[in-house]
Amino acid sequence: MGLTVHLVDGTYELFRYHYSPSNRDPDRGAVRGVVNSMLQLVEDGATHIGIATDHVIESFRNDLWADYKTGEGIDPQLKAQFPVLEDVLTAAGFAVWPQTTFEADDGLAAGAALAAADEDVDRVVVCTPDKDMAQLVGGKVVQWDRRQDKWFDTGGVQEKFGVLPESIPDYLALVGDSADGFPGLPGWGAKSAAAVLARYVHLEDIPPSAGQWDITVRSGAKLAKVLQDELEAALLFRTIATLQPDAPVSATVADMAWQGPQDGFAEVAAALDGDRLAERAARLARG
(Lines give C-alpha, C1' and ligand atoms only; values in the text may rest on other atoms or scores of the structure.)
Protein backbone atom coordinates (compact mmCIF):
# COMPACT_ATOMS: atom_id res chain seq x y z
CA MET A 1 0.00 0.00 0.00
CA GLY A 2 1.36 3.43 -0.97
CA LEU A 3 1.94 6.51 1.12
CA THR A 4 -0.60 9.10 2.20
CA VAL A 5 0.78 12.64 2.37
CA HIS A 6 -0.94 15.26 4.55
CA LEU A 7 -0.55 18.94 3.69
CA VAL A 8 -1.49 21.56 6.29
CA ASP A 9 -2.06 25.33 6.15
CA GLY A 10 -0.19 26.33 9.29
CA THR A 11 -1.40 29.93 9.14
CA TYR A 12 -5.04 28.87 9.02
CA GLU A 13 -4.47 26.53 11.96
CA LEU A 14 -2.80 29.34 13.94
CA PHE A 15 -5.78 31.65 13.37
CA ARG A 16 -8.19 28.86 14.26
CA TYR A 17 -6.57 28.11 17.59
CA HIS A 18 -5.96 31.75 18.49
CA TYR A 19 -9.65 32.55 18.14
CA SER A 20 -10.89 29.31 19.67
CA PRO A 21 -13.20 29.94 22.66
CA SER A 22 -11.05 27.50 24.64
CA ASN A 23 -7.84 29.54 24.16
CA ARG A 24 -6.99 31.10 27.51
CA ASP A 25 -3.43 32.09 26.57
CA PRO A 26 -3.46 34.67 23.73
CA ASP A 27 0.35 34.90 23.71
CA ARG A 28 1.20 31.21 23.33
CA GLY A 29 -1.99 29.17 23.20
CA ALA A 30 -2.36 29.17 19.42
CA VAL A 31 1.11 27.70 18.88
CA ARG A 32 0.44 24.99 21.45
CA GLY A 33 -2.86 24.22 19.77
CA VAL A 34 -1.32 23.84 16.32
CA VAL A 35 1.51 21.61 17.54
CA ASN A 36 -0.94 19.42 19.44
CA SER A 37 -3.07 19.23 16.29
CA MET A 38 -0.11 18.08 14.21
CA LEU A 39 0.82 15.48 16.81
CA GLN A 40 -2.79 14.31 16.67
CA LEU A 41 -2.35 13.72 12.93
CA VAL A 42 0.67 11.55 13.71
CA GLU A 43 -1.23 9.75 16.45
CA ASP A 44 -3.99 9.01 13.93
CA GLY A 45 -1.50 7.43 11.55
CA ALA A 46 -0.07 10.25 9.40
CA THR A 47 3.57 9.64 8.49
CA HIS A 48 4.38 12.35 5.92
CA ILE A 49 3.25 15.88 6.70
CA GLY A 50 4.10 19.17 5.01
CA ILE A 51 3.12 22.41 6.76
CA ALA A 52 3.05 25.67 4.78
CA THR A 53 3.09 28.99 6.64
CA ASP A 54 2.90 32.67 5.78
CA HIS A 55 6.27 33.92 7.01
CA VAL A 56 5.18 37.37 5.88
CA ILE A 57 1.62 38.42 5.17
CA GLU A 58 2.17 40.05 1.80
CA SER A 59 2.98 38.18 -1.44
CA PHE A 60 3.39 38.80 -5.17
CA ARG A 61 -0.40 39.23 -5.35
CA ASN A 62 -0.16 42.57 -3.54
CA ASP A 63 1.70 43.87 -6.58
CA LEU A 64 -1.17 42.74 -8.82
CA TRP A 65 -4.07 44.17 -6.82
CA ALA A 66 -3.73 47.14 -4.47
CA ASP A 67 -6.56 46.00 -2.19
CA TYR A 68 -5.28 42.45 -1.77
CA LYS A 69 -5.13 41.27 1.85
CA THR A 70 -2.29 42.51 4.06
CA GLY A 71 -1.26 42.06 7.68
CA GLU A 72 -3.09 45.23 8.66
CA GLY A 73 -5.49 44.65 11.52
CA ILE A 74 -4.09 41.30 12.64
CA ASP A 75 -4.07 40.94 16.42
CA PRO A 76 -0.45 41.70 17.51
CA GLN A 77 -0.53 38.73 19.91
CA LEU A 78 -1.43 36.47 17.01
CA LYS A 79 1.06 38.01 14.59
CA ALA A 80 3.89 37.58 17.10
CA GLN A 81 3.28 33.82 17.05
CA PHE A 82 3.89 33.44 13.28
CA PRO A 83 7.69 32.94 13.53
CA VAL A 84 7.38 31.08 16.83
CA LEU A 85 5.09 28.52 15.20
CA GLU A 86 7.62 27.79 12.45
CA ASP A 87 10.43 27.29 14.95
CA VAL A 88 8.41 25.06 17.25
CA LEU A 89 7.03 22.88 14.46
CA THR A 90 10.54 22.43 13.06
CA ALA A 91 11.83 21.48 16.50
CA ALA A 92 8.95 19.02 16.78
CA GLY A 93 10.26 17.24 13.67
CA PHE A 94 7.84 18.46 10.99
CA ALA A 95 8.62 19.67 7.48
CA VAL A 96 7.78 23.38 7.53
CA TRP A 97 7.62 25.62 4.44
CA PRO A 98 7.72 29.34 5.36
CA GLN A 99 6.52 31.42 2.40
CA THR A 100 7.70 34.95 1.60
CA THR A 101 7.17 35.77 -2.08
CA PHE A 102 4.34 33.23 -2.22
CA GLU A 103 1.59 32.35 0.28
CA ALA A 104 0.94 29.28 2.37
CA ASP A 105 -1.78 28.30 -0.13
CA ASP A 106 0.83 28.23 -2.89
CA GLY A 107 3.03 26.06 -0.69
CA LEU A 108 0.19 23.56 -0.41
CA ALA A 109 -0.23 23.61 -4.19
CA ALA A 110 3.48 22.93 -4.68
CA GLY A 111 3.43 20.18 -2.07
CA ALA A 112 0.40 18.58 -3.69
CA ALA A 113 2.05 18.61 -7.12
CA LEU A 114 5.22 17.08 -5.70
CA ALA A 115 3.40 14.36 -3.79
CA ALA A 116 0.94 13.51 -6.57
CA ALA A 117 3.83 12.99 -9.00
CA ASP A 118 5.51 10.47 -6.69
CA GLU A 119 4.68 6.91 -7.73
CA ASP A 120 4.96 5.75 -4.10
CA VAL A 121 2.13 8.08 -3.04
CA ASP A 122 -1.44 6.83 -3.22
CA ARG A 123 -3.26 9.81 -1.74
CA VAL A 124 -2.59 13.48 -0.99
CA VAL A 125 -4.78 15.04 1.70
CA VAL A 126 -4.98 18.84 1.75
CA CYS A 127 -6.08 19.68 5.29
CA THR A 128 -7.98 22.97 5.11
CA PRO A 129 -11.55 24.14 4.47
CA ASP A 130 -10.30 27.05 2.32
CA LYS A 131 -12.34 27.23 -0.90
CA ASP A 132 -9.20 28.18 -2.87
CA MET A 133 -7.85 24.70 -2.16
CA ALA A 134 -10.68 23.04 -4.08
CA GLN A 135 -8.77 23.78 -7.30
CA LEU A 136 -6.13 21.24 -6.24
CA VAL A 137 -8.60 18.36 -5.96
CA GLY A 138 -8.46 15.55 -8.50
CA GLY A 139 -6.52 12.38 -9.15
CA LYS A 140 -4.70 11.52 -5.94
CA VAL A 141 -5.58 14.82 -4.25
CA VAL A 142 -8.53 15.24 -1.88
CA GLN A 143 -9.46 18.06 0.48
CA TRP A 144 -10.27 17.49 4.15
CA ASP A 145 -11.98 19.93 6.47
CA ARG A 146 -10.66 18.45 9.70
CA ARG A 147 -12.80 20.60 11.96
CA GLN A 148 -16.04 19.33 10.44
CA ASP A 149 -14.57 16.04 9.18
CA LYS A 150 -15.80 16.69 5.65
CA TRP A 151 -13.98 15.23 2.65
CA PHE A 152 -14.06 16.51 -0.93
CA ASP A 153 -13.05 14.65 -4.05
CA THR A 154 -13.90 15.94 -7.53
CA GLY A 155 -17.56 15.02 -7.09
CA GLY A 156 -17.62 16.71 -3.69
CA VAL A 157 -16.24 19.94 -5.14
CA GLN A 158 -18.86 19.86 -7.89
CA GLU A 159 -21.61 19.29 -5.33
CA LYS A 160 -20.40 22.15 -3.13
CA PHE A 161 -19.61 24.79 -5.77
CA GLY A 162 -21.39 23.54 -8.88
CA VAL A 163 -18.17 23.51 -10.94
CA LEU A 164 -15.17 21.29 -11.59
CA PRO A 165 -12.03 21.87 -9.48
CA GLU A 166 -10.25 23.37 -12.51
CA SER A 167 -12.93 26.08 -12.68
CA ILE A 168 -12.50 27.27 -9.08
CA PRO A 169 -10.17 30.18 -10.00
CA ASP A 170 -12.64 31.28 -12.71
CA TYR A 171 -15.50 30.95 -10.21
CA LEU A 172 -13.68 33.10 -7.64
CA ALA A 173 -12.84 35.64 -10.35
CA LEU A 174 -16.56 36.12 -10.98
CA VAL A 175 -17.95 36.00 -7.43
CA GLY A 176 -14.94 37.54 -5.67
CA ASP A 177 -13.24 36.56 -2.44
CA SER A 178 -13.74 38.99 0.45
CA ALA A 179 -11.16 37.18 2.57
CA ASP A 180 -8.48 37.88 -0.02
CA GLY A 181 -9.72 41.36 -0.88
CA PHE A 182 -10.88 41.19 -4.50
CA PRO A 183 -14.51 41.91 -5.40
CA GLY A 184 -15.40 39.82 -8.43
CA LEU A 185 -17.71 41.26 -11.10
CA PRO A 186 -20.92 43.22 -10.45
CA GLY A 187 -24.06 41.12 -10.63
CA TRP A 188 -22.29 37.78 -10.75
CA GLY A 189 -23.24 35.53 -7.86
CA ALA A 190 -22.57 31.95 -6.88
CA LYS A 191 -25.56 30.53 -8.79
CA SER A 192 -24.93 32.37 -12.05
CA ALA A 193 -21.18 31.72 -11.97
CA ALA A 194 -21.71 28.03 -11.28
CA ALA A 195 -24.31 27.66 -14.03
CA VAL A 196 -22.15 29.32 -16.68
CA LEU A 197 -18.85 27.70 -15.69
CA ALA A 198 -20.43 24.26 -15.36
CA ARG A 199 -21.13 24.59 -19.07
CA TYR A 200 -18.09 26.54 -20.32
CA VAL A 201 -15.43 25.74 -17.65
CA HIS A 202 -13.19 28.82 -18.19
CA LEU A 203 -13.79 32.54 -18.61
CA GLU A 204 -12.36 32.80 -22.13
CA ASP A 205 -14.62 29.99 -23.33
CA ILE A 206 -17.84 31.82 -22.35
CA PRO A 207 -19.45 33.22 -25.53
CA PRO A 208 -19.47 37.05 -25.48
CA SER A 209 -23.24 37.34 -25.97
CA ALA A 210 -25.86 35.61 -23.87
CA GLY A 211 -27.68 34.91 -27.13
CA GLN A 212 -24.84 32.55 -27.95
CA TRP A 213 -25.16 30.66 -24.67
CA ASP A 214 -26.85 27.27 -24.89
CA ILE A 215 -27.98 27.56 -21.27
CA THR A 216 -30.51 29.87 -19.67
CA VAL A 217 -29.28 32.07 -16.83
CA ARG A 218 -31.26 34.78 -15.11
CA SER A 219 -30.17 38.25 -16.31
CA GLY A 220 -27.85 36.51 -18.76
CA ALA A 221 -27.65 39.45 -21.16
CA LYS A 222 -26.59 41.80 -18.39
CA LEU A 223 -24.07 39.32 -16.99
CA ALA A 224 -22.55 38.70 -20.42
CA LYS A 225 -22.12 42.44 -20.97
CA VAL A 226 -20.49 42.90 -17.56
CA LEU A 227 -18.07 40.08 -18.31
CA GLN A 228 -17.10 41.54 -21.66
CA ASP A 229 -16.76 45.06 -20.27
CA GLU A 230 -14.64 43.87 -17.35
CA LEU A 231 -12.93 40.82 -18.84
CA GLU A 232 -9.48 42.22 -18.10
CA ALA A 233 -10.36 42.57 -14.42
CA ALA A 234 -11.85 39.07 -14.37
CA LEU A 235 -8.70 37.57 -15.84
CA LEU A 236 -6.63 39.45 -13.27
CA PHE A 237 -8.80 38.13 -10.43
CA ARG A 238 -8.41 34.62 -11.84
CA THR A 239 -4.62 35.03 -11.81
CA ILE A 240 -4.83 36.16 -8.19
CA ALA A 241 -7.02 33.17 -7.29
CA THR A 242 -4.82 30.63 -9.09
CA LEU A 243 -2.40 28.82 -6.80
CA GLN A 244 1.23 28.68 -7.85
CA PRO A 245 2.82 25.19 -7.76
CA ASP A 246 6.39 26.51 -7.91
CA ALA A 247 6.45 27.82 -4.34
CA PRO A 248 9.40 26.52 -2.28
CA VAL A 249 8.70 23.25 -0.43
CA SER A 250 10.56 20.05 0.43
CA ALA A 251 12.71 18.54 -2.30
CA THR A 252 11.15 15.08 -2.04
CA VAL A 253 8.24 13.31 -0.38
CA ALA A 254 10.75 11.50 1.84
CA ASP A 255 11.69 14.88 3.29
CA MET A 256 8.12 15.24 4.59
CA ALA A 257 8.40 12.21 6.87
CA TRP A 258 7.86 13.14 10.52
CA GLN A 259 11.27 12.99 12.20
CA GLY A 260 10.16 12.95 15.81
CA PRO A 261 11.16 15.63 18.34
CA GLN A 262 14.58 17.15 17.69
CA ASP A 263 17.23 18.04 20.25
CA GLY A 264 16.00 20.99 22.25
CA PHE A 265 12.31 20.45 21.62
CA ALA A 266 11.66 19.79 25.31
CA GLU A 267 13.12 23.19 26.17
CA VAL A 268 11.13 24.90 23.41
CA ALA A 269 7.95 23.25 24.64
CA ALA A 270 8.68 24.25 28.23
CA ALA A 271 9.02 27.89 27.15
CA LEU A 272 5.49 27.62 25.78
CA ASP A 273 4.29 26.11 29.06
CA GLY A 274 3.76 22.97 27.00
CA ASP A 275 5.57 20.21 28.86
CA ARG A 276 2.89 17.78 27.75
CA LEU A 277 3.79 18.52 24.13
CA ALA A 278 7.28 17.17 24.70
CA GLU A 279 5.95 14.10 26.48
CA ARG A 280 3.42 13.43 23.74
CA ALA A 281 5.97 13.85 20.94
CA ALA A 282 8.47 11.57 22.68
CA ARG A 283 5.84 8.91 23.26
CA LEU A 284 4.79 8.99 19.59
CA ALA A 285 8.38 8.75 18.45
CA ARG A 286 8.96 5.70 20.65
CA GLY A 287 5.73 4.11 19.41
# chains A, B, ... in the order shown; residues from 1 in each chain; ligands from 1
>>> residues_around(residues="Ala233 in chain A", least_positions_apart="3", cutoff="12 Å", atoms="only C-alpha atoms", output="PyMOL selection string")
chain A and resi 64-65+170+173-174+176+182-186+203+226-230+236-240
>>> residues_around(residues="Ala80 in chain A", least_positions_apart="6", cutoff="10 Å", atoms="only C-alpha atoms", output="ChimeraX atom specification")
/A:27-28,74
>>> residues_around(residues="Pro165 in chain A", least_positions_apart="6", cutoff="9 Å", atoms="only C-alpha atoms", output="NGL selection string")
:A and (133-138 or 154 or 157-158)
>>> write_last_selection(atoms="N, CA and C atoms", output="PDB file, in the first residue's frame")
ATOM      1  N   MET A 133      -8.510  25.993  -2.061  1.00  0.00           N
ATOM      2  CA  MET A 133      -7.848  24.699  -2.162  1.00  0.00           C
ATOM      3  C   MET A 133      -8.607  23.701  -3.013  1.00  0.00           C
ATOM      4  N   ALA A 134      -9.883  23.977  -3.272  1.00  0.00           N
ATOM      5  CA  ALA A 134     -10.677  23.044  -4.076  1.00  0.00           C
ATOM      6  C   ALA A 134     -10.101  22.883  -5.475  1.00  0.00           C
ATOM      7  N   GLN A 135      -9.352  23.881  -5.959  1.00  0.00           N
ATOM      8  CA  GLN A 135      -8.773  23.778  -7.303  1.00  0.00           C
ATOM      9  C   GLN A 135      -7.690  22.709  -7.385  1.00  0.00           C
ATOM     10  N   LEU A 136      -7.169  22.257  -6.246  1.00  0.00           N
ATOM     11  CA  LEU A 136      -6.130  21.236  -6.235  1.00  0.00           C
ATOM     12  C   LEU A 136      -6.690  19.824  -6.312  1.00  0.00           C
ATOM     13  N   VAL A 137      -7.978  19.681  -6.075  1.00  0.00           N
ATOM     14  CA  VAL A 137      -8.598  18.360  -5.964  1.00  0.00           C
ATOM     15  C   VAL A 137      -8.651  17.673  -7.325  1.00  0.00           C
ATOM     16  N   GLY A 138      -8.400  16.365  -7.286  1.00  0.00           N
ATOM     17  CA  GLY A 138      -8.460  15.553  -8.495  1.00  0.00           C
ATOM     18  C   GLY A 138      -7.329  14.552  -8.514  1.00  0.00           C
ATOM     19  N   THR A 154     -13.400  15.132  -6.425  1.00  0.00           N
ATOM     20  CA  THR A 154     -13.904  15.939  -7.532  1.00  0.00           C
ATOM     21  C   THR A 154     -15.423  16.078  -7.473  1.00  0.00           C
ATOM     22  N   VAL A 157     -16.428  18.548  -4.741  1.00  0.00           N
ATOM     23  CA  VAL A 157     -16.240  19.944  -5.139  1.00  0.00           C
ATOM     24  C   VAL A 157     -17.389  20.391  -6.051  1.00  0.00           C
ATOM     25  N   GLN A 158     -17.755  19.531  -6.999  1.00  0.00           N
ATOM     26  CA  GLN A 158     -18.863  19.864  -7.894  1.00  0.00           C
ATOM     27  C   GLN A 158     -20.163  20.042  -7.116  1.00  0.00           C
TER      28      GLN A 158
END
>>> atom_distance(atom1="CA of Val268 in chain A", atom2="CA of Val34 in chain A")
14.4 Å
>>> atom_distance(atom1="CA of Lys222 in chain A", atom2="CA of Ser209 in chain A")
9.4 Å
>>> select_by_dssp(residues="range 152-280 of chain A", states="strand (DSSP E or B)", output="list in words")
Phe152, Asp177, Phe182 and Ala257 of chain A
>>> closest_residue(among="A:His48, A:Arg24, A:Arg283, A:Lys69", to="Val121 in chain A", atoms="only C-alpha atoms")
A:His48
>>> atom_distance(atom1="CA of Gly93 in chain A", atom2="CA of Leu78 in chain A")
22.8 Å
>>> residues_around(residues="Asp180 in chain A", least_positions_apart="3", cutoff="9 Å", atoms="only C-alpha atoms", output="PyMOL selection string")
chain A and resi 67-70+176-177+241
>>> residues_around(residues="Val141 in chain A", least_positions_apart="2", cutoff="8 Å", atoms="only C-alpha atoms", output="number ranges by chain")
A: 112, 116, 123-126, 136-139, 143, 153
>>> write_last_selection(atoms="N, CA and C atoms", output="CSV table (one decimal), in the first residue's frame")
chain,number,residue,atom,x,y,z
A,112,ALA,N,1.3,19.5,-3.1
A,112,ALA,CA,0.4,18.6,-3.7
A,112,ALA,C,0.9,18.1,-5.0
A,116,ALA,N,1.8,14.2,-5.6
A,116,ALA,CA,0.9,13.5,-6.6
A,116,ALA,C,1.8,12.9,-7.7
A,123,ARG,N,-2.3,8.8,-2.0
A,123,ARG,CA,-3.3,9.8,-1.7
A,123,ARG,C,-2.6,11.0,-1.1
A,124,VAL,N,-3.1,12.2,-1.5
A,124,VAL,CA,-2.6,13.5,-1.0
A,124,VAL,C,-3.8,14.2,-0.3
A,125,VAL,N,-3.7,14.5,0.9
A,125,VAL,CA,-4.8,15.0,1.7
A,125,VAL,C,-4.4,16.5,2.0
A,126,VAL,N,-5.2,17.4,1.5
A,126,VAL,CA,-5.0,18.8,1.7
A,126,VAL,C,-5.9,19.2,2.9
A,136,LEU,N,-7.2,22.3,-6.2
A,136,LEU,CA,-6.1,21.2,-6.2
A,136,LEU,C,-6.7,19.8,-6.3
A,137,VAL,N,-8.0,19.7,-6.1
A,137,VAL,CA,-8.6,18.4,-6.0
A,137,VAL,C,-8.7,17.7,-7.3
A,138,GLY,N,-8.4,16.4,-7.3
A,138,GLY,CA,-8.5,15.6,-8.5
A,138,GLY,C,-7.3,14.6,-8.5
A,139,GLY,N,-7.5,13.4,-9.1
A,139,GLY,CA,-6.5,12.4,-9.2
A,139,GLY,C,-6.3,11.9,-7.7
A,143,GLN,N,-9.5,17.0,-0.5
A,143,GLN,CA,-9.5,18.1,0.5
A,143,GLN,C,-10.2,17.6,1.7
A,153,ASP,N,-13.7,15.1,-2.8
A,153,ASP,CA,-13.1,14.7,-4.1
A,153,ASP,C,-13.6,15.5,-5.2
>>> residues_around(residues="Phe60 in chain A", least_positions_apart="5", cutoff="9 Å", atoms="only C-alpha atoms", output="number ranges by chain")
A: 100-103
>>> write_last_selection(atoms="N, CA and C atoms", output="PDB file, in the first residue's frame")
ATOM      1  N   THR A 100       7.452  33.504   1.598  1.00  0.00           N
ATOM      2  CA  THR A 100       7.698  34.945   1.602  1.00  0.00           C
ATOM      3  C   THR A 100       7.133  35.577   0.332  1.00  0.00           C
ATOM      4  N   THR A 101       7.705  35.256  -0.818  1.00  0.00           N
ATOM      5  CA  THR A 101       7.171  35.769  -2.082  1.00  0.00           C
ATOM      6  C   THR A 101       5.794  35.187  -2.371  1.00  0.00           C
ATOM      7  N   PHE A 102       5.609  33.920  -2.019  1.00  0.00           N
ATOM      8  CA  PHE A 102       4.339  33.230  -2.216  1.00  0.00           C
ATOM      9  C   PHE A 102       3.566  33.199  -0.902  1.00  0.00           C
ATOM     10  N   GLU A 103       2.412  32.512  -0.916  1.00  0.00           N
ATOM     11  CA  GLU A 103       1.594  32.351   0.276  1.00  0.00           C
ATOM     12  C   GLU A 103       1.553  30.880   0.685  1.00  0.00           C
TER      13      GLU A 103
END
>>> closest_residue(among="A:Gly50, A:Gly187, A:Gly10, A:Pro248", to="Ala224 in chain A", atoms="only C-alpha atoms")
A:Gly187
>>> closest_residue(among="A:Lys225, A:His18, A:His6, A:Lys160", to="Val42 in chain A", atoms="only C-alpha atoms")
A:His6
>>> closest_residue(among="A:Ser22, A:Ser250, A:Thr216, A:Thr242", to="Leu7 in chain A", atoms="only C-alpha atoms")
A:Ser250
>>> residues_around(residues="Gly45 in chain A", least_positions_apart="6", cutoff="12 Å", atoms="only C-alpha atoms", output="ChimeraX atom specification")
/A:3-6,38-39,257-258,284,287
>>> select_by_dssp(residues="range 94-219 of chain A", states="helix (DSSP H, G or I)", output="PyMOL selection string")
chain A and resi 104-116+131-136+154-161+165-175+190-200+203-205+210-212
